[in-house]
>>> print(open('model_14.csv').read())   # CSV, N, CA and C atoms
chain,number,residue,atom,x,y,z
A,28,MET,N,20.1,-36.2,40.8
A,28,MET,CA,19.1,-36.6,39.8
A,28,MET,C,19.9,-37.3,38.7
A,29,THR,N,19.3,-38.4,38.3
A,29,THR,CA,19.9,-39.2,37.3
A,29,THR,C,19.8,-38.6,35.9
A,30,GLU,N,20.6,-39.0,35.0
A,30,GLU,CA,20.6,-38.5,33.7
A,30,GLU,C,19.3,-38.7,33.0
A,31,LYS,N,18.6,-39.8,33.3
A,31,LYS,CA,17.3,-40.2,32.6
A,31,LYS,C,16.3,-39.2,33.1
A,32,LYS,N,16.3,-38.9,34.5
A,32,LYS,CA,15.3,-37.9,35.0
A,32,LYS,C,15.5,-36.5,34.5
A,33,LYS,N,16.8,-36.1,34.3
A,33,LYS,CA,17.1,-34.8,33.8
A,33,LYS,C,16.6,-34.7,32.4
A,34,THR,N,16.8,-35.7,31.6
A,34,THR,CA,16.3,-35.7,30.2
A,34,THR,C,14.8,-35.6,30.2
A,35,CYS,N,14.1,-36.4,31.0
A,35,CYS,CA,12.7,-36.4,31.1
A,35,CYS,C,12.1,-35.0,31.5
A,36,VAL,N,12.7,-34.4,32.5
A,36,VAL,CA,12.3,-33.0,32.9
A,36,VAL,C,12.5,-32.0,31.8
A,37,LEU,N,13.7,-32.0,31.2
A,37,LEU,CA,13.9,-31.1,30.1
A,37,LEU,C,13.0,-31.3,28.9
A,38,THR,N,12.6,-32.5,28.6
A,38,THR,CA,11.7,-32.8,27.6
A,38,THR,C,10.3,-32.3,27.9
A,39,VAL,N,9.9,-32.5,29.1
A,39,VAL,CA,8.6,-31.9,29.5
A,39,VAL,C,8.6,-30.4,29.5
A,40,LEU,N,9.6,-29.8,29.9
A,40,LEU,CA,9.7,-28.3,29.9
A,40,LEU,C,9.7,-27.8,28.4
A,41,LEU,N,10.5,-28.5,27.6
A,41,LEU,CA,10.5,-28.1,26.2
A,41,LEU,C,9.2,-28.2,25.5
A,42,LEU,N,8.5,-29.3,25.7
A,42,LEU,CA,7.2,-29.5,25.2
A,42,LEU,C,6.2,-28.5,25.7
A,43,SER,N,6.3,-28.2,27.0
A,43,SER,CA,5.4,-27.1,27.5
A,43,SER,C,5.6,-25.8,26.9
A,44,PHE,N,6.9,-25.5,26.7
A,44,PHE,CA,7.2,-24.2,26.1
A,44,PHE,C,6.7,-24.2,24.6
A,45,LEU,N,6.9,-25.2,23.9
A,45,LEU,CA,6.4,-25.3,22.5
A,45,LEU,C,4.9,-25.2,22.4
A,46,LEU,N,4.2,-25.8,23.3
A,46,LEU,CA,2.7,-25.7,23.3
A,46,LEU,C,2.3,-24.3,23.6
A,47,LEU,N,3.0,-23.6,24.6
A,47,LEU,CA,2.6,-22.2,24.8
A,47,LEU,C,2.9,-21.3,23.6
A,48,ALA,N,4.0,-21.6,23.0
A,48,ALA,CA,4.4,-20.8,21.8
A,48,ALA,C,3.4,-21.0,20.7
A,49,LEU,N,3.0,-22.2,20.5
A,49,LEU,CA,2.0,-22.5,19.4
A,49,LEU,C,0.6,-21.8,19.8
A,50,ALA,N,0.2,-21.9,21.0
A,50,ALA,CA,-1.0,-21.2,21.4
A,50,ALA,C,-0.9,-19.7,21.2
A,51,ALA,N,0.2,-19.1,21.5
A,51,ALA,CA,0.4,-17.7,21.3
A,51,ALA,C,0.4,-17.3,19.8
A,52,CYS,N,1.0,-18.1,19.0
A,52,CYS,CA,1.0,-17.8,17.6
A,52,CYS,C,-0.4,-18.0,16.9
A,53,GLY,N,-1.1,-19.0,17.4
A,53,GLY,CA,-2.4,-19.3,16.9
A,53,GLY,C,-3.5,-18.3,17.3
A,54,SER,N,-3.3,-17.5,18.3
A,54,SER,CA,-4.3,-16.6,18.8
A,54,SER,C,-4.3,-15.3,18.0
A,55,VAL,N,-5.5,-14.7,18.0
A,55,VAL,CA,-5.6,-13.4,17.2
A,55,VAL,C,-5.3,-12.3,18.2
A,56,PRO,N,-4.4,-11.4,17.8
A,56,PRO,CA,-4.2,-10.2,18.7
A,56,PRO,C,-5.4,-9.5,19.0
A,57,GLU,N,-5.5,-8.9,20.2
A,57,GLU,CA,-6.7,-8.2,20.7
A,57,GLU,C,-7.0,-7.0,19.8
A,58,ASN,N,-6.1,-6.4,19.1
A,58,ASN,CA,-6.4,-5.2,18.4
A,58,ASN,C,-6.7,-5.4,16.9
A,59,ARG,N,-7.2,-6.6,16.6
A,59,ARG,CA,-7.6,-6.9,15.3
A,59,ARG,C,-9.1,-6.6,15.2
A,60,VAL,N,-9.6,-6.0,14.1
A,60,VAL,CA,-11.0,-5.7,13.9
A,60,VAL,C,-11.8,-6.9,13.6
A,61,PHE,N,-11.2,-7.8,12.8
A,61,PHE,CA,-12.0,-9.0,12.3
A,61,PHE,C,-11.3,-10.3,12.6
A,62,GLN,N,-12.2,-11.3,12.7
A,62,GLN,CA,-11.7,-12.7,12.9
A,62,GLN,C,-12.7,-13.5,12.0
A,63,LEU,N,-12.5,-13.4,10.7
A,63,LEU,CA,-13.4,-14.1,9.8
A,63,LEU,C,-12.8,-15.3,9.2
A,64,ASP,N,-13.7,-16.3,8.9
A,64,ASP,CA,-13.3,-17.5,8.3
A,64,ASP,C,-13.6,-17.4,6.8
A,65,PRO,N,-12.6,-17.4,5.9
A,65,PRO,CA,-12.8,-17.2,4.5
A,65,PRO,C,-13.8,-18.2,3.9
A,66,ASP,N,-13.9,-19.4,4.5
A,66,ASP,CA,-14.8,-20.5,4.0
A,66,ASP,C,-16.2,-20.2,4.3
A,67,GLU,N,-16.5,-19.3,5.2
A,67,GLU,CA,-17.9,-18.9,5.6
A,67,GLU,C,-18.4,-17.7,4.8
A,68,VAL,N,-17.5,-17.0,4.1
A,68,VAL,CA,-17.9,-15.8,3.4
A,68,VAL,C,-18.4,-16.2,2.0
A,69,THR,N,-19.6,-15.8,1.6
A,69,THR,CA,-20.2,-16.1,0.3
A,69,THR,C,-20.0,-15.0,-0.7
A,70,SER,N,-19.9,-13.8,-0.3
A,70,SER,CA,-19.7,-12.7,-1.2
A,70,SER,C,-19.1,-11.5,-0.5
A,71,ILE,N,-18.4,-10.6,-1.2
A,71,ILE,CA,-17.9,-9.3,-0.7
A,71,ILE,C,-18.3,-8.3,-1.8
A,72,ALA,N,-18.8,-7.2,-1.4
A,72,ALA,CA,-19.1,-6.1,-2.3
A,72,ALA,C,-18.5,-4.8,-1.7
A,73,ILE,N,-17.8,-4.1,-2.5
A,73,ILE,CA,-17.2,-2.8,-2.1
A,73,ILE,C,-17.8,-1.7,-2.9
A,74,GLN,N,-18.2,-0.6,-2.3
A,74,GLN,CA,-18.9,0.5,-3.0
A,74,GLN,C,-18.3,1.8,-2.7
A,75,LYS,N,-18.3,2.7,-3.8
A,75,LYS,CA,-18.0,4.1,-3.6
A,75,LYS,C,-19.0,4.8,-4.6
A,76,MET,N,-20.0,5.4,-4.0
A,76,MET,CA,-21.1,6.0,-4.8
A,76,MET,C,-21.7,5.0,-5.7
A,77,GLU,N,-21.6,5.2,-7.0
A,77,GLU,CA,-22.2,4.3,-8.0
A,77,GLU,C,-21.3,3.2,-8.5
A,78,THR,N,-20.0,3.2,-8.0
A,78,THR,CA,-19.1,2.2,-8.4
A,78,THR,C,-19.0,1.1,-7.4
A,79,TRP,N,-19.2,-0.2,-8.0
A,79,TRP,CA,-19.2,-1.4,-7.2
A,79,TRP,C,-18.1,-2.3,-7.7
A,80,ALA,N,-17.6,-3.1,-6.7
A,80,ALA,CA,-16.7,-4.2,-7.1
A,80,ALA,C,-17.3,-5.4,-6.2
A,81,THR,N,-17.7,-6.5,-6.9
A,81,THR,CA,-18.3,-7.6,-6.2
A,81,THR,C,-17.5,-8.9,-6.5
A,82,PHE,N,-17.4,-9.6,-5.4
A,82,PHE,CA,-16.6,-10.9,-5.4
A,82,PHE,C,-17.5,-12.0,-4.9
A,83,GLU,N,-17.6,-13.1,-5.7
A,83,GLU,CA,-18.4,-14.2,-5.3
A,83,GLU,C,-17.6,-15.5,-5.4
A,84,ASP,N,-16.5,-15.5,-6.1
A,84,ASP,CA,-15.7,-16.7,-6.3
A,84,ASP,C,-14.8,-16.9,-5.0
A,85,PRO,N,-14.9,-18.1,-4.4
A,85,PRO,CA,-14.1,-18.3,-3.2
A,85,PRO,C,-12.6,-18.0,-3.4
A,86,LYS,N,-12.1,-18.2,-4.6
A,86,LYS,CA,-10.7,-17.9,-4.9
A,86,LYS,C,-10.4,-16.4,-4.8
A,87,ASP,N,-11.4,-15.5,-5.1
A,87,ASP,CA,-11.3,-14.1,-5.0
A,87,ASP,C,-11.6,-13.6,-3.5
A,88,ILE,N,-12.5,-14.3,-2.9
A,88,ILE,CA,-12.9,-13.9,-1.5
A,88,ILE,C,-11.8,-14.2,-0.5
A,89,ALA,N,-11.2,-15.3,-0.6
A,89,ALA,CA,-10.2,-15.7,0.5
A,89,ALA,C,-9.1,-14.7,0.7
A,90,PRO,N,-8.4,-14.2,-0.3
A,90,PRO,CA,-7.4,-13.2,-0.1
A,90,PRO,C,-7.9,-11.9,0.5
A,91,LEU,N,-9.2,-11.5,0.1
A,91,LEU,CA,-9.8,-10.3,0.7
A,91,LEU,C,-10.1,-10.5,2.2
A,92,VAL,N,-10.6,-11.7,2.5
A,92,VAL,CA,-10.9,-11.9,3.9
A,92,VAL,C,-9.6,-12.0,4.7
A,93,GLU,N,-8.6,-12.6,4.2
A,93,GLU,CA,-7.3,-12.6,4.9
A,93,GLU,C,-6.8,-11.2,5.1
A,94,GLU,N,-7.0,-10.3,4.1
A,94,GLU,CA,-6.5,-8.9,4.2
A,94,GLU,C,-7.3,-8.2,5.3
A,95,LEU,N,-8.6,-8.5,5.4
A,95,LEU,CA,-9.5,-7.9,6.5
A,95,LEU,C,-9.0,-8.4,7.8
A,96,ASN,N,-8.7,-9.7,7.9
A,96,ASN,CA,-8.2,-10.3,9.2
A,96,ASN,C,-6.9,-9.7,9.7
A,97,ARG,N,-6.1,-9.1,8.8
A,97,ARG,CA,-4.9,-8.4,9.2
A,97,ARG,C,-5.1,-7.0,9.7
A,98,VAL,N,-6.2,-6.4,9.5
A,98,VAL,CA,-6.4,-5.0,9.9
A,98,VAL,C,-6.4,-4.9,11.4
A,99,GLU,N,-5.5,-4.0,11.8
A,99,GLU,CA,-5.4,-3.8,13.3
A,99,GLU,C,-5.8,-2.3,13.5
A,100,TYR,N,-6.4,-2.1,14.7
A,100,TYR,CA,-6.8,-0.7,15.0
A,100,TYR,C,-6.0,-0.1,16.1
A,101,LEU,N,-5.9,1.2,16.0
A,101,LEU,CA,-5.1,2.0,17.0
A,101,LEU,C,-6.0,2.4,18.2
A,102,SER,N,-7.3,2.7,17.9
A,102,SER,CA,-8.2,3.0,19.0
A,102,SER,C,-9.6,2.6,18.5
A,103,GLU,N,-10.5,2.5,19.5
A,103,GLU,CA,-11.8,2.1,19.3
A,103,GLU,C,-12.7,2.9,20.2
A,104,GLU,N,-13.9,3.4,19.7
A,104,GLU,CA,-14.8,4.1,20.5
A,104,GLU,C,-16.2,4.1,19.9
A,105,LEU,N,-17.2,4.4,20.8
A,105,LEU,CA,-18.5,4.5,20.3
A,105,LEU,C,-18.8,5.9,20.0
A,106,ILE,N,-19.5,6.2,18.8
A,106,ILE,CA,-19.8,7.5,18.5
A,106,ILE,C,-21.3,7.5,18.1
A,107,PRO,N,-22.0,8.7,18.2
A,107,PRO,CA,-23.4,8.7,17.9
A,107,PRO,C,-23.6,8.5,16.4
A,108,ALA,N,-24.6,7.8,16.0
A,108,ALA,CA,-24.9,7.5,14.7
A,108,ALA,C,-25.2,8.7,13.9
A,109,GLY,N,-24.7,8.7,12.6
A,109,GLY,CA,-24.9,9.9,11.7
A,109,GLY,C,-24.9,9.4,10.3
A,110,ALA,N,-25.1,10.3,9.4
A,110,ALA,CA,-25.2,10.0,8.0
A,110,ALA,C,-23.9,10.3,7.3
A,111,GLY,N,-23.7,9.7,6.1
A,111,GLY,CA,-22.6,9.9,5.3
A,111,GLY,C,-21.5,8.9,5.4
A,112,TRP,N,-20.9,8.6,4.3
A,112,TRP,CA,-19.8,7.6,4.2
A,112,TRP,C,-19.0,7.8,3.0
A,113,THR,N,-17.8,7.3,3.0
A,113,THR,CA,-16.9,7.4,1.8
A,113,THR,C,-17.0,6.1,1.0
A,114,TYR,N,-16.7,5.0,1.7
A,114,TYR,CA,-16.7,3.7,1.1
A,114,TYR,C,-17.5,2.7,1.9
A,115,ARG,N,-18.0,1.7,1.3
A,115,ARG,CA,-18.9,0.7,2.0
A,115,ARG,C,-18.4,-0.7,1.6
A,116,LEU,N,-18.5,-1.5,2.6
A,116,LEU,CA,-18.1,-2.9,2.4
A,116,LEU,C,-19.2,-3.8,2.9
A,117,ILE,N,-19.7,-4.7,2.1
A,117,ILE,CA,-20.8,-5.6,2.5
A,117,ILE,C,-20.2,-7.0,2.4
A,118,LEU,N,-20.2,-7.7,3.5
A,118,LEU,CA,-19.7,-9.1,3.5
A,118,LEU,C,-20.9,-10.0,3.9
A,119,GLU,N,-21.2,-11.0,3.0
A,119,GLU,CA,-22.3,-11.9,3.2
A,119,GLU,C,-21.7,-13.3,3.6
A,120,THR,N,-22.4,-13.9,4.6
A,120,THR,CA,-22.2,-15.2,5.0
A,120,THR,C,-23.5,-15.9,5.0
A,121,GLU,N,-23.5,-17.2,5.2
A,121,GLU,CA,-24.8,-18.0,5.3
A,121,GLU,C,-25.5,-17.6,6.6
A,122,GLU,N,-24.8,-17.1,7.6
A,122,GLU,CA,-25.5,-16.7,8.9
A,122,GLU,C,-26.0,-15.2,8.8
A,123,GLY,N,-25.5,-14.4,7.9
A,123,GLY,CA,-26.0,-13.0,7.9
A,123,GLY,C,-25.0,-12.1,7.1
A,124,ARG,N,-25.2,-10.9,7.4
A,124,ARG,CA,-24.5,-9.8,6.6
A,124,ARG,C,-23.8,-8.9,7.6
A,125,LEU,N,-22.5,-8.5,7.1
A,125,LEU,CA,-21.8,-7.4,7.8
A,125,LEU,C,-21.7,-6.3,6.8
A,126,ASP,N,-22.3,-5.1,7.2
A,126,ASP,CA,-22.3,-4.0,6.4
A,126,ASP,C,-21.6,-2.8,7.1
A,127,LEU,N,-20.5,-2.3,6.6
A,127,LEU,CA,-19.8,-1.3,7.3
A,127,LEU,C,-19.3,-0.2,6.3
A,128,THR,N,-19.0,0.9,6.8
A,128,THR,CA,-18.4,2.0,6.0
A,128,THR,C,-16.9,2.1,6.5
A,129,PHE,N,-16.1,2.7,5.6
A,129,PHE,CA,-14.7,2.8,5.9
A,129,PHE,C,-14.0,3.9,5.1
A,130,GLY,N,-12.9,4.2,5.5
A,130,GLY,CA,-12.0,5.1,4.8
A,130,GLY,C,-10.6,4.6,4.9
A,131,ASP,N,-9.6,5.4,4.5
A,131,ASP,CA,-8.2,4.9,4.5
A,131,ASP,C,-7.8,4.6,6.0
A,132,GLN,N,-8.3,5.4,7.0
A,132,GLN,CA,-7.8,5.2,8.3
A,132,GLN,C,-8.9,5.0,9.3
A,133,TYR,N,-10.1,4.5,8.9
A,133,TYR,CA,-11.1,4.1,9.8
A,133,TYR,C,-12.1,3.1,9.3
A,134,ILE,N,-12.7,2.4,10.2
A,134,ILE,CA,-13.9,1.5,10.0
A,134,ILE,C,-15.0,1.9,10.9
A,135,LEU,N,-16.2,2.0,10.4
A,135,LEU,CA,-17.3,2.4,11.2
A,135,LEU,C,-18.4,1.3,11.0
A,136,MET,N,-18.9,0.7,12.1
A,136,MET,CA,-19.9,-0.3,12.0
A,136,MET,C,-20.9,-0.2,13.1
A,137,ASP,N,-22.0,-0.9,13.0
A,137,ASP,CA,-23.0,-0.9,14.0
A,137,ASP,C,-22.4,-1.4,15.3
A,138,SER,N,-23.0,-1.0,16.4
A,138,SER,CA,-22.5,-1.4,17.7
A,138,SER,C,-23.7,-2.1,18.4
A,139,GLU,N,-23.5,-2.6,19.5
A,139,GLU,CA,-24.6,-3.2,20.3
A,139,GLU,C,-25.4,-2.1,21.0
A,140,LYS,N,-24.9,-0.9,21.0
A,140,LYS,CA,-25.7,0.2,21.6
A,140,LYS,C,-26.5,0.9,20.6
A,141,GLU,N,-27.8,1.0,20.8
A,141,GLU,CA,-28.7,1.6,19.8
A,141,GLU,C,-28.3,3.0,19.5
A,142,ASP,N,-28.3,3.4,18.2
A,142,ASP,CA,-28.0,4.8,17.8
A,142,ASP,C,-26.5,5.2,17.9
A,143,TYR,N,-25.7,4.2,18.0
A,143,TYR,CA,-24.2,4.4,18.1
A,143,TYR,C,-23.5,3.5,17.2
A,144,TYR,N,-22.4,4.0,16.6
A,144,TYR,CA,-21.5,3.2,15.8
A,144,TYR,C,-20.2,2.9,16.6
A,145,ARG,N,-19.6,1.8,16.2
A,145,ARG,CA,-18.3,1.5,16.7
A,145,ARG,C,-17.3,2.0,15.7
A,146,TYR,N,-16.4,2.9,16.1
A,146,TYR,CA,-15.5,3.6,15.3
A,146,TYR,C,-14.1,3.1,15.6
A,147,TYR,N,-13.4,2.5,14.6
A,147,TYR,CA,-12.0,2.1,14.7
A,147,TYR,C,-11.1,3.0,14.0
A,148,THR,N,-10.1,3.5,14.6
A,148,THR,CA,-9.0,4.3,14.0
A,148,THR,C,-7.9,3.3,13.6
A,149,LEU,N,-7.5,3.4,12.3
A,149,LEU,CA,-6.6,2.5,11.8
A,149,LEU,C,-5.3,3.2,11.3
A,150,PRO,N,-4.2,2.4,11.3
A,150,PRO,CA,-3.0,3.0,10.7
A,150,PRO,C,-3.2,3.4,9.2
A,151,GLU,N,-2.5,4.4,8.7
A,151,GLU,CA,-2.7,4.9,7.4
A,151,GLU,C,-2.5,3.7,6.4
A,152,GLY,N,-3.4,3.6,5.4
A,152,GLY,CA,-3.2,2.6,4.3
A,152,GLY,C,-3.8,1.3,4.7
A,153,SER,N,-4.4,1.1,5.8
A,153,SER,CA,-4.9,-0.2,6.2
A,153,SER,C,-6.0,-0.7,5.3
A,154,MET,N,-6.8,0.2,4.7
A,154,MET,CA,-7.9,-0.3,3.9
A,154,MET,C,-7.7,0.0,2.4
A,155,GLN,N,-6.4,0.4,2.0
A,155,GLN,CA,-6.1,0.8,0.7
A,155,GLN,C,-6.4,-0.3,-0.4
A,156,THR,N,-6.2,-1.6,0.0
A,156,THR,CA,-6.6,-2.7,-1.0
A,156,THR,C,-8.0,-2.6,-1.4
A,157,PHE,N,-8.9,-2.3,-0.5
A,157,PHE,CA,-10.3,-2.2,-0.8
A,157,PHE,C,-10.7,-1.0,-1.5
A,158,ILE,N,-10.1,0.1,-1.2
A,158,ILE,CA,-10.3,1.4,-1.9
A,158,ILE,C,-9.9,1.3,-3.3
A,159,ASP,N,-8.8,0.6,-3.6
A,159,ASP,CA,-8.3,0.5,-5.0
A,159,ASP,C,-9.3,-0.2,-5.9
A,160,TYR,N,-10.1,-1.0,-5.4
A,160,TYR,CA,-11.0,-1.7,-6.2
A,160,TYR,C,-12.1,-0.8,-6.8
A,161,VAL,N,-12.4,0.3,-6.1
A,161,VAL,CA,-13.5,1.2,-6.6
A,161,VAL,C,-13.0,2.6,-7.0
A,162,GLU,N,-11.7,2.8,-7.0
A,162,GLU,CA,-11.2,4.0,-7.5
A,162,GLU,C,-10.8,4.0,-8.9
>>> encode(input="model_14.csv", output="structure tokens")
Amino acid sequence: MTEKKKTCVLTVLLLSFLLLALAACGSVPENRVFQLDPDEVTSIAIQKMETWATFEDPKDIAPLVEELNRVEYLSEELIPAGAGWTYRLILETEEGRLDLTFGDQYILMDSEKEDYYRYYTLPEGSMQTFIDYVE
């Protein structure tokens, strides 16, 4: 094989490797709860009983959405719907509303199955940023 062909083959292999690496870095891990675009979120409200923290400025919303997008879960399951919650988060977009309850180590939200919630178990402290706003 000539030197020119070797260089060409190595270049193609290197470019292929770089494209695969970029694709892997740009993808969202499977164990992430959220994949939200900060530009699509119009408001975020966090509630604990009568205490509310509301964010409507895009400069305030973006870091909160980025924090939500980093939340990874340890396990996920469907559980029967029930009453009661510790904290509540309401996220508004132009397309609709995401309304969920959460604690330090869990997120609970509606599921596609009627009368069941999707329950995500989280590492300790995953939602502490949001808890701090209403404590």
>>> closest_residue(input="model_14.csv", among="A:Ala108, A:Leu116, A:Leu101, A:Met136", to="Pro150 of chain A", atoms="only N, CA and C atoms")
A:Leu101
>>> atom_distance(input="model_14.csv", atom1="atom CA of Pro65 of chain A", atom2="atom CA of Ile134 of chain A")
19.5 Å
>>> residues_near_point(input="model_14.csv", point="(-15.3, -9.8, -1.7)", cutoff="6 Å", atoms="only N, CA and C atoms", output="PDB file with N, CA and C atoms, in the frame of the given file")
ATOM      1  N   SER A  70     -19.900 -13.800  -0.300  1.00  0.00           N
ATOM      2  CA  SER A  70     -19.700 -12.700  -1.200  1.00  0.00           C
ATOM      3  C   SER A  70     -19.100 -11.500  -0.500  1.00  0.00           C
ATOM      4  N   ILE A  71     -18.400 -10.600  -1.200  1.00  0.00           N
ATOM      5  CA  ILE A  71     -17.900  -9.300  -0.700  1.00  0.00           C
ATOM      6  C   ILE A  71     -18.300  -8.300  -1.800  1.00  0.00           C
ATOM      7  N   ALA A  72     -18.800  -7.200  -1.400  1.00  0.00           N
ATOM      8  CA  ALA A  72     -19.100  -6.100  -2.300  1.00  0.00           C
ATOM      9  C   ALA A  72     -18.500  -4.800  -1.700  1.00  0.00           C
ATOM     10  N   THR A  81     -17.700  -6.500  -6.900  1.00  0.00           N
ATOM     11  CA  THR A  81     -18.300  -7.600  -6.200  1.00  0.00           C
ATOM     12  C   THR A  81     -17.500  -8.900  -6.500  1.00  0.00           C
ATOM     13  N   PHE A  82     -17.400  -9.600  -5.400  1.00  0.00           N
ATOM     14  CA  PHE A  82     -16.600 -10.900  -5.400  1.00  0.00           C
ATOM     15  C   PHE A  82     -17.500 -12.000  -4.900  1.00  0.00           C
ATOM     16  N   GLU A  83     -17.600 -13.100  -5.700  1.00  0.00           N
ATOM     17  CA  GLU A  83     -18.400 -14.200  -5.300  1.00  0.00           C
ATOM     18  C   GLU A  83     -17.600 -15.500  -5.400  1.00  0.00           C
ATOM     19  N   ASP A  87     -11.400 -15.500  -5.100  1.00  0.00           N
ATOM     20  CA  ASP A  87     -11.300 -14.100  -5.000  1.00  0.00           C
ATOM     21  C   ASP A  87     -11.600 -13.600  -3.500  1.00  0.00           C
ATOM     22  N   ILE A  88     -12.500 -14.300  -2.900  1.00  0.00           N
ATOM     23  CA  ILE A  88     -12.900 -13.900  -1.500  1.00  0.00           C
ATOM     24  C   ILE A  88     -11.800 -14.200  -0.500  1.00  0.00           C
TER      25      ILE A  88
END
>>> atom_distance(input="model_14.csv", atom1="atom C of Thr113 of chain A", atom2="atom N of Glu57 of chain A")
26.9 Å
>>> select_by_dssp(input="model_14.csv", residues="segment 62-134 of chain A", states="alpha helix (DSSP H)", output="list in words")
Pro85, Lys86, Asp87, Ile88, Ala89, Pro90, Leu91, Val92, Glu93, Glu94, Leu95, Asn96 and Arg97 of chain A
>>> select_by_dssp(input="model_14.csv", residues="segment 63-138 of chain A", states="strand (DSSP E or B)", output="MDAnalysis selection string")
chainID A and resid 68:75 78:82 99 102:107 114:120 124:130 133:137
>>> residues_around(input="model_14.csv", residues="segment 143-145 of chain A", least_positions_apart="4", cutoff="7 Å", atoms="only N, CA and C atoms", output="PyMOL selection string")
chain A and resi 103-109+134-139
